[in-house]
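> Dropping in start-v2.txt, with compact mmCIF, C-alpha atoms.
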# COMPACT_ATOMS: atom_id res chain seq x y z
CA MET A 352 91.64 -29.36 161.09
CA ASN A 353 87.83 -29.04 161.12
CA ASN A 354 87.65 -31.63 158.32
CA LEU A 355 89.74 -34.03 160.38
CA LYS A 356 87.56 -33.52 163.47
CA SER A 357 84.42 -33.99 161.39
CA THR A 358 85.82 -37.17 159.85
CA ILE A 359 86.80 -38.59 163.24
CA ILE A 360 83.36 -37.78 164.69
CA THR A 361 81.65 -39.36 161.68
CA LEU A 362 83.86 -42.45 161.90
CA THR A 363 83.15 -42.75 165.64
CA LEU A 364 79.41 -42.45 165.00
CA ILE A 365 79.55 -45.11 162.28
CA MET A 366 81.50 -47.51 164.49
CA SER A 367 79.11 -46.88 167.38
CA LEU A 368 76.07 -47.53 165.21
CA TRP A 369 77.73 -50.64 163.84
CA ALA A 370 78.45 -51.99 167.32
CA ASN A 371 74.89 -51.29 168.51
CA ALA A 372 73.36 -52.87 165.45
CA GLN A 373 75.24 -56.19 165.53
CA SER A 374 72.02 -58.01 166.35
CA ASP A 375 70.60 -56.81 163.03
CA THR A 376 73.57 -58.10 161.04
CA LYS A 377 72.67 -60.39 158.16
CA THR A 378 74.88 -62.86 156.42
CA SER A 379 74.98 -63.17 152.64
CA SER A 380 75.12 -66.51 150.83
CA SER A 381 78.93 -66.24 150.70
CA ASN A 382 79.12 -65.95 154.50
CA THR A 383 80.23 -62.33 154.24
CA ILE A 384 79.03 -60.23 157.13
CA MET A 385 77.08 -57.27 155.83
CA PRO A 386 76.46 -54.17 157.96
CA PRO A 387 72.85 -53.14 158.61
CA ALA A 388 71.17 -50.85 156.07
CA ASN A 389 71.57 -47.72 158.23
CA ILE A 390 75.35 -48.31 158.46
CA GLN A 391 75.60 -48.95 154.72
CA ALA A 392 73.85 -45.62 154.10
CA ALA A 393 76.23 -43.82 156.49
CA ILE A 394 79.25 -45.39 154.76
CA LYS A 395 77.96 -44.26 151.34
CA ILE A 396 77.57 -40.69 152.60
CA GLN A 397 81.01 -40.68 154.24
CA GLY A 398 82.68 -42.37 151.26
CA GLY A 399 83.73 -45.40 153.26
CA PRO A 400 85.10 -45.90 156.72
CA GLY A 401 88.44 -44.30 157.50
CA ILE A 402 90.06 -40.93 157.65
CA ALA A 403 90.04 -38.85 154.47
CA ILE A 404 93.57 -38.46 153.10
CA SER A 405 92.68 -36.42 150.03
CA GLY A 406 89.87 -34.36 148.62
CA THR A 407 88.82 -31.85 146.04
CA SER A 408 90.38 -28.41 146.28
CA THR A 409 90.50 -25.22 144.21
CA PHE A 410 93.21 -23.56 142.15
CA GLN A 411 93.10 -20.56 144.51
CA LYS A 412 94.15 -22.80 147.44
CA ILE A 413 97.45 -23.93 145.90
CA PRO A 414 100.51 -21.81 146.73
CA THR A 415 100.75 -18.53 144.79
CA ASP A 416 104.15 -19.31 143.21
CA ALA A 417 102.73 -22.42 141.54
CA GLN A 418 99.59 -20.55 140.45
CA LYS A 419 101.75 -17.96 138.68
CA ILE A 420 103.88 -20.56 136.88
CA ILE A 421 100.86 -22.56 135.71
CA SER A 422 98.96 -19.46 134.60
CA SER A 423 101.91 -18.03 132.66
CA ASP A 424 103.22 -21.29 131.17
CA TYR A 425 99.81 -22.71 130.24
CA PRO A 426 97.83 -19.62 129.14
CA ASN A 427 95.58 -21.48 126.68
CA THR A 428 94.51 -24.25 129.03
CA SER A 429 92.02 -24.47 131.84
CA ILE A 430 92.03 -26.34 135.13
CA THR A 431 89.80 -29.42 135.09
CA ASN A 432 90.60 -30.73 138.57
CA VAL A 433 92.51 -29.80 141.71
CA SER A 434 92.90 -32.32 144.52
CA GLU A 435 94.72 -32.03 147.82
CA ASN A 436 96.54 -34.84 149.63
CA TYR A 437 96.28 -33.99 153.32
CA ILE A 438 98.94 -36.50 154.40
CA LYS A 439 101.64 -35.62 151.84
CA GLN A 440 100.60 -31.94 151.85
CA THR A 441 100.54 -31.81 148.07
CA TYR A 442 98.16 -30.62 145.38
CA THR A 443 97.55 -32.30 142.06
CA VAL A 444 96.33 -30.08 139.23
CA THR A 445 94.94 -31.55 136.01
CA LEU A 446 94.73 -29.32 132.94
CA ASN A 447 92.26 -29.73 130.09
CA ASP A 448 95.10 -30.75 127.73
CA GLY A 449 95.83 -33.76 129.99
CA THR A 450 98.89 -32.34 131.76
CA ILE A 451 99.13 -33.42 135.40
CA ILE A 452 101.08 -31.25 137.85
CA THR A 453 101.94 -32.09 141.48
CA ILE A 454 102.83 -29.21 143.78
CA ASN A 455 104.17 -29.33 147.34
CA SER A 456 103.01 -27.09 150.18
CA ASN A 457 105.87 -24.65 149.45
CA GLY A 458 104.62 -24.06 145.91
CA LYS A 459 107.34 -26.09 144.18
CA ILE A 460 106.28 -28.23 141.23
CA THR A 461 107.53 -31.68 142.21
CA ASN A 462 106.16 -33.66 139.29
CA ILE A 463 104.77 -32.69 135.92
CA LYS A 464 103.68 -35.01 133.15
CA ALA A 465 102.53 -34.07 129.66
CA PRO A 466 99.83 -36.12 127.94
CA ARG A 467 100.97 -39.32 126.27
CA ASN A 468 103.31 -38.82 123.29
CA THR A 469 103.61 -35.07 123.83
CA SER A 470 106.38 -32.96 125.30
CA LEU A 471 106.29 -30.34 128.00
CA PRO A 472 106.54 -26.69 126.90
CA ASN A 473 110.06 -25.23 127.06
CA GLN A 474 108.87 -22.40 129.31
CA ILE A 475 107.71 -24.76 132.08
CA LEU A 476 111.03 -26.61 131.82
CA ALA A 477 112.90 -23.31 132.20
CA ASP A 478 110.81 -22.53 135.29
CA ILE A 479 111.25 -25.86 137.08
CA LEU A 480 114.62 -27.31 136.00
CA PRO A 481 118.02 -26.23 137.30
CA PRO A 482 119.95 -24.32 134.59
CA ALA A 483 122.57 -27.09 134.27
CA THR A 484 119.83 -29.61 133.48
CA SER A 485 118.28 -27.38 130.82
CA ILE A 486 121.69 -26.79 129.24
CA HIS A 487 122.48 -30.53 129.17
CA LEU A 488 119.10 -31.36 127.60
CA ALA A 489 119.51 -28.60 124.99
CA GLU A 490 123.05 -29.72 124.09
CA ALA A 491 121.84 -33.31 123.73
CA GLY A 492 118.98 -32.14 121.49
CA LEU A 493 116.39 -33.44 123.94
CA LEU A 494 114.82 -30.27 125.33
CA ASN A 495 111.83 -30.56 122.98
CA SER A 496 111.28 -34.23 123.87
CA VAL A 497 110.74 -34.05 127.65
CA ASN A 498 107.49 -35.78 128.61
CA GLU A 499 107.82 -35.83 132.40
CA VAL A 500 109.90 -34.32 135.18
CA LYS A 501 110.06 -35.75 138.71
CA HIS A 502 111.93 -33.94 141.44
CA ILE A 503 113.24 -36.50 143.91
CA GLN A 504 113.30 -34.76 147.28
CA ASP A 505 116.85 -33.90 148.37
CA HIS A 506 118.36 -36.12 145.65
CA GLY A 507 117.83 -34.62 142.22
CA THR A 508 115.60 -34.77 139.18
CA MET A 509 114.49 -37.55 136.86
CA VAL A 510 113.56 -36.53 133.32
CA MET A 511 111.61 -38.83 131.00
CA ILE A 512 112.26 -38.42 127.27
CA LEU A 513 109.95 -39.35 124.39
CA ASP A 514 110.95 -41.84 121.69
CA THR A 515 114.59 -42.40 122.60
CA PRO A 516 116.57 -45.55 123.37
CA THR A 517 117.39 -44.09 126.82
CA PRO A 518 114.10 -42.67 128.11
CA HIS A 519 115.24 -41.76 131.65
CA ILE A 520 117.91 -39.26 132.60
CA LEU A 521 118.89 -38.64 136.21
CA TYR A 522 120.41 -35.36 137.43
CA ASP A 523 121.76 -34.54 140.88
CA ILE A 524 120.30 -31.83 143.08
CA ASP A 525 122.42 -29.15 141.36
CA GLY A 526 121.23 -30.23 137.91
CA THR A 527 124.41 -32.04 136.90
CA PHE A 528 123.99 -35.12 134.69
CA VAL A 529 124.36 -38.40 136.62
CA ILE A 530 123.16 -41.32 134.46
CA THR A 531 120.91 -42.35 131.62
CA TYR A 532 118.90 -45.53 132.03
CA TYR A 533 115.94 -47.48 130.68
Step by step, read the file and then write its structure as structure tokens.


Amino acid sequence: MNNLKSTIITLTLIMSLWANAQSDTKTSSSNTIMPPANIQAAIKIQGGPGIAISGTSTFQKIPTDAQKIISSDYPNTSITNVSENYIKQTYTVTLNDGTIITINSNGKITNIKAPRNTSLPNQILADILPPATSIHLAEAGLLNSVNEVKHIQDHGTMVMILDTPTPHILYDIDGTFVITYY
């Protein structure tokens, strides 16, 4: 909340300075109105006008359940980046192997994507997929070919498969197979 207040105060200050400095406004050769130098400096510091919707975070700030899953399922990797989306209330964790994990505020992994042309470890799949989905993938011989998993809120799960003629498989919320599509 303090970040939001700070952002609003900064934005108000920038807009106030801009309004007061209109007499100093210069026009470029393309007839684009450029803000005065002091406003340009303030915008650079702020990162642009507007309310911040995301920012850098730390692994310790993500929900504990997700921390445990990532730490146990990716023991030989390190965290290279953690960002927080304040609007969606999600965290995005990037690992040094290129895996990208999105986590909701409840600690549920909502999206996970392995690096290009690689599959997700079986352990992470066991932790995030409904049992019926894991069984179906194993019976189809696809468990070792899952590149990405997207949980579609209140609807089910979409699984992306590497190197197959049908790269997308949709499961309902209980993990039951629904359809395969391109």

> Mind giving me the straight-line distance from atom CA of Asp424 of chain A to atom CA of Ala477 of chain A in Å, one decimal?

9.9 Å

> Give as a list in words the set of residues within 12 Å of the point (112.3, -38.0, 140.7), where distances use the file's coordinates and all atoms listed in the file.

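Checking each residue against the 12 Å limit leaves Thr453, Ile460, Thr461, Asn462, Ile463, Lys464, Leu480, Glu499, Val500, Lys501, His502, Ile503, Gln504, Asp505, His506, Gly507, Thr508, Met509, Val510, Met511, His519, Ile520, Leu521, Tyr522, Asp523 and Ile524 of chain A.
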
> Please provide as a PyMOL selection string all residues within 12 Å of Asp448 of chain A, with the sequence filter that same-chain residues fewer than 5 positions apart are discarded (counting only C-alpha atoms).

chain A and resi 425-432+464-467+469-471

> Which residue is closest to Lys439 of chain A? Choose from A:Asn498, A:Gln411, A:Thr531, A:Ser405 and count only C-alpha atoms.

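Result for the nearest residue to Lys439 of chain A: A:Ser405.
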
> List as a list in words the protein and nucleic acid residues near Leu476 of chain A, meaning an atom at most 9 Å away when all atoms listed in the file are counted, but skip any in the same chain fewer than 3 places from it.

Leu471, Pro472, Asn473, Ile479, Leu480, Pro481, Ser485, Leu494, Val497 and Val500 of chain A

> Those residues with C-alpha atoms, as an mmCIF file, keeping the file's coordinate frame please?


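Saved to again-v3.cif:
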data_model
loop_
_atom_site.group_PDB
_atom_site.id
_atom_site.type_symbol
_atom_site.label_atom_id
_atom_site.label_comp_id
_atom_site.auth_asym_id
_atom_site.auth_seq_id
_atom_site.Cartn_x
_atom_site.Cartn_y
_atom_site.Cartn_z
ATOM 1 C CA LEU A 471 106.290 -30.340 128.000
ATOM 2 C CA PRO A 472 106.540 -26.690 126.900
ATOM 3 C CA ASN A 473 110.060 -25.230 127.060
ATOM 4 C CA ILE A 479 111.250 -25.860 137.080
ATOM 5 C CA LEU A 480 114.620 -27.310 136.000
ATOM 6 C CA PRO A 481 118.020 -26.230 137.300
ATOM 7 C CA SER A 485 118.280 -27.380 130.820
ATOM 8 C CA LEU A 494 114.820 -30.270 125.330
ATOM 9 C CA VAL A 497 110.740 -34.050 127.650
ATOM 10 C CA VAL A 500 109.900 -34.320 135.180
#

> When distances are computed from all atoms listed in the file, which of A:Ile421, A:Leu513, A:Ile486, A:Leu493 shows the smallest separation from Thr450 of chain A?

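When distances to Thr450 of chain A are compared using all atoms listed in the file, the smallest one comes from A:Ile421.
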
> Please indicate the distance in Å from atom CA of Ile451 of chain A to atom CA of Pro518 of chain A, rounded to one decimal place.

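Separation of atom CA of Ile451 of chain A and atom CA of Pro518 of chain A: 19.0 Å.
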
> By how many Å are atom CA of Ala491 of chain A and atom CA of Tyr532 of chain A apart?

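Computing it gives 15.1 Å between the two atoms.
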
> Can you give me N, CA and C atoms for segment 418-437 of chain A, written as a PDB file, in the frame of the given file?


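Here's the written file part-v6.pdb:
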ATOM      1  N   GLN A 418     100.674 -21.148 141.243  1.00  0.00           N
ATOM      2  CA  GLN A 418      99.590 -20.550 140.450  1.00  0.00           C
ATOM      3  C   GLN A 418     100.148 -19.685 139.333  1.00  0.00           C
ATOM      4  N   LYS A 419     101.147 -18.867 139.669  1.00  0.00           N
ATOM      5  CA  LYS A 419     101.750 -17.960 138.680  1.00  0.00           C
ATOM      6  C   LYS A 419     102.417 -18.732 137.556  1.00  0.00           C
ATOM      7  N   ILE A 420     103.182 -19.765 137.909  1.00  0.00           N
ATOM      8  CA  ILE A 420     103.880 -20.560 136.880  1.00  0.00           C
ATOM      9  C   ILE A 420     102.869 -21.232 135.953  1.00  0.00           C
ATOM     10  N   ILE A 421     101.856 -21.862 136.533  1.00  0.00           N
ATOM     11  CA  ILE A 421     100.860 -22.560 135.710  1.00  0.00           C
ATOM     12  C   ILE A 421     100.125 -21.571 134.819  1.00  0.00           C
ATOM     13  N   SER A 422      99.699 -20.455 135.381  1.00  0.00           N
ATOM     14  CA  SER A 422      98.960 -19.460 134.600  1.00  0.00           C
ATOM     15  C   SER A 422      99.792 -18.886 133.463  1.00  0.00           C
ATOM     16  N   SER A 423     101.088 -18.623 133.715  1.00  0.00           N
ATOM     17  CA  SER A 423     101.910 -18.030 132.660  1.00  0.00           C
ATOM     18  C   SER A 423     102.397 -19.054 131.640  1.00  0.00           C
ATOM     19  N   ASP A 424     102.675 -20.289 132.084  1.00  0.00           N
ATOM     20  CA  ASP A 424     103.220 -21.290 131.170  1.00  0.00           C
ATOM     21  C   ASP A 424     102.154 -22.077 130.415  1.00  0.00           C
ATOM     22  N   TYR A 425     100.935 -22.026 130.886  1.00  0.00           N
ATOM     23  CA  TYR A 425      99.810 -22.710 130.240  1.00  0.00           C
ATOM     24  C   TYR A 425      98.654 -21.733 130.034  1.00  0.00           C
ATOM     25  N   PRO A 426      98.878 -20.645 129.265  1.00  0.00           N
ATOM     26  CA  PRO A 426      97.830 -19.620 129.140  1.00  0.00           C
ATOM     27  C   PRO A 426      96.588 -20.067 128.369  1.00  0.00           C
ATOM     28  N   ASN A 427      96.720 -21.054 127.508  1.00  0.00           N
ATOM     29  CA  ASN A 427      95.580 -21.480 126.680  1.00  0.00           C
ATOM     30  C   ASN A 427      94.905 -22.743 127.190  1.00  0.00           C
ATOM     31  N   THR A 428      95.145 -23.071 128.443  1.00  0.00           N
ATOM     32  CA  THR A 428      94.510 -24.250 129.030  1.00  0.00           C
ATOM     33  C   THR A 428      93.674 -23.827 130.223  1.00  0.00           C
ATOM     34  N   SER A 429      92.827 -24.737 130.649  1.00  0.00           N
ATOM     35  CA  SER A 429      92.020 -24.470 131.840  1.00  0.00           C
ATOM     36  C   SER A 429      92.226 -25.621 132.824  1.00  0.00           C
ATOM     37  N   ILE A 430      91.900 -25.356 134.057  1.00  0.00           N
ATOM     38  CA  ILE A 430      92.030 -26.340 135.130  1.00  0.00           C
ATOM     39  C   ILE A 430      90.776 -27.216 135.113  1.00  0.00           C
ATOM     40  N   THR A 431      90.958 -28.527 135.035  1.00  0.00           N
ATOM     41  CA  THR A 431      89.800 -29.420 135.090  1.00  0.00           C
ATOM     42  C   THR A 431      89.612 -30.041 136.465  1.00  0.00           C
ATOM     43  N   ASN A 432      90.701 -30.130 137.241  1.00  0.00           N
ATOM     44  CA  ASN A 432      90.600 -30.730 138.570  1.00  0.00           C
ATOM     45  C   ASN A 432      91.767 -30.285 139.437  1.00  0.00           C
ATOM     46  N   VAL A 433      91.473 -30.056 140.711  1.00  0.00           N
ATOM     47  CA  VAL A 433      92.510 -29.800 141.710  1.00  0.00           C
ATOM     48  C   VAL A 433      92.179 -30.668 142.908  1.00  0.00           C
ATOM     49  N   SER A 434      93.119 -31.511 143.322  1.00  0.00           N
ATOM     50  CA  SER A 434      92.900 -32.320 144.520  1.00  0.00           C
ATOM     51  C   SER A 434      94.046 -32.069 145.492  1.00  0.00           C
ATOM     52  N   GLU A 435      93.738 -32.261 146.766  1.00  0.00           N
ATOM     53  CA  GLU A 435      94.720 -32.030 147.820  1.00  0.00           C
ATOM     54  C   GLU A 435      94.932 -33.313 148.594  1.00  0.00           C
ATOM     55  N   ASN A 436      96.192 -33.685 148.801  1.00  0.00           N
ATOM     56  CA  ASN A 436      96.540 -34.840 149.630  1.00  0.00           C
ATOM     57  C   ASN A 436      96.926 -34.290 150.987  1.00  0.00           C
ATOM     58  N   TYR A 437      96.083 -34.563 151.988  1.00  0.00           N
ATOM     59  CA  TYR A 437      96.280 -33.990 153.320  1.00  0.00           C
ATOM     60  C   TYR A 437      97.491 -34.589 154.029  1.00  0.00           C
TER      61      TYR A 437
END
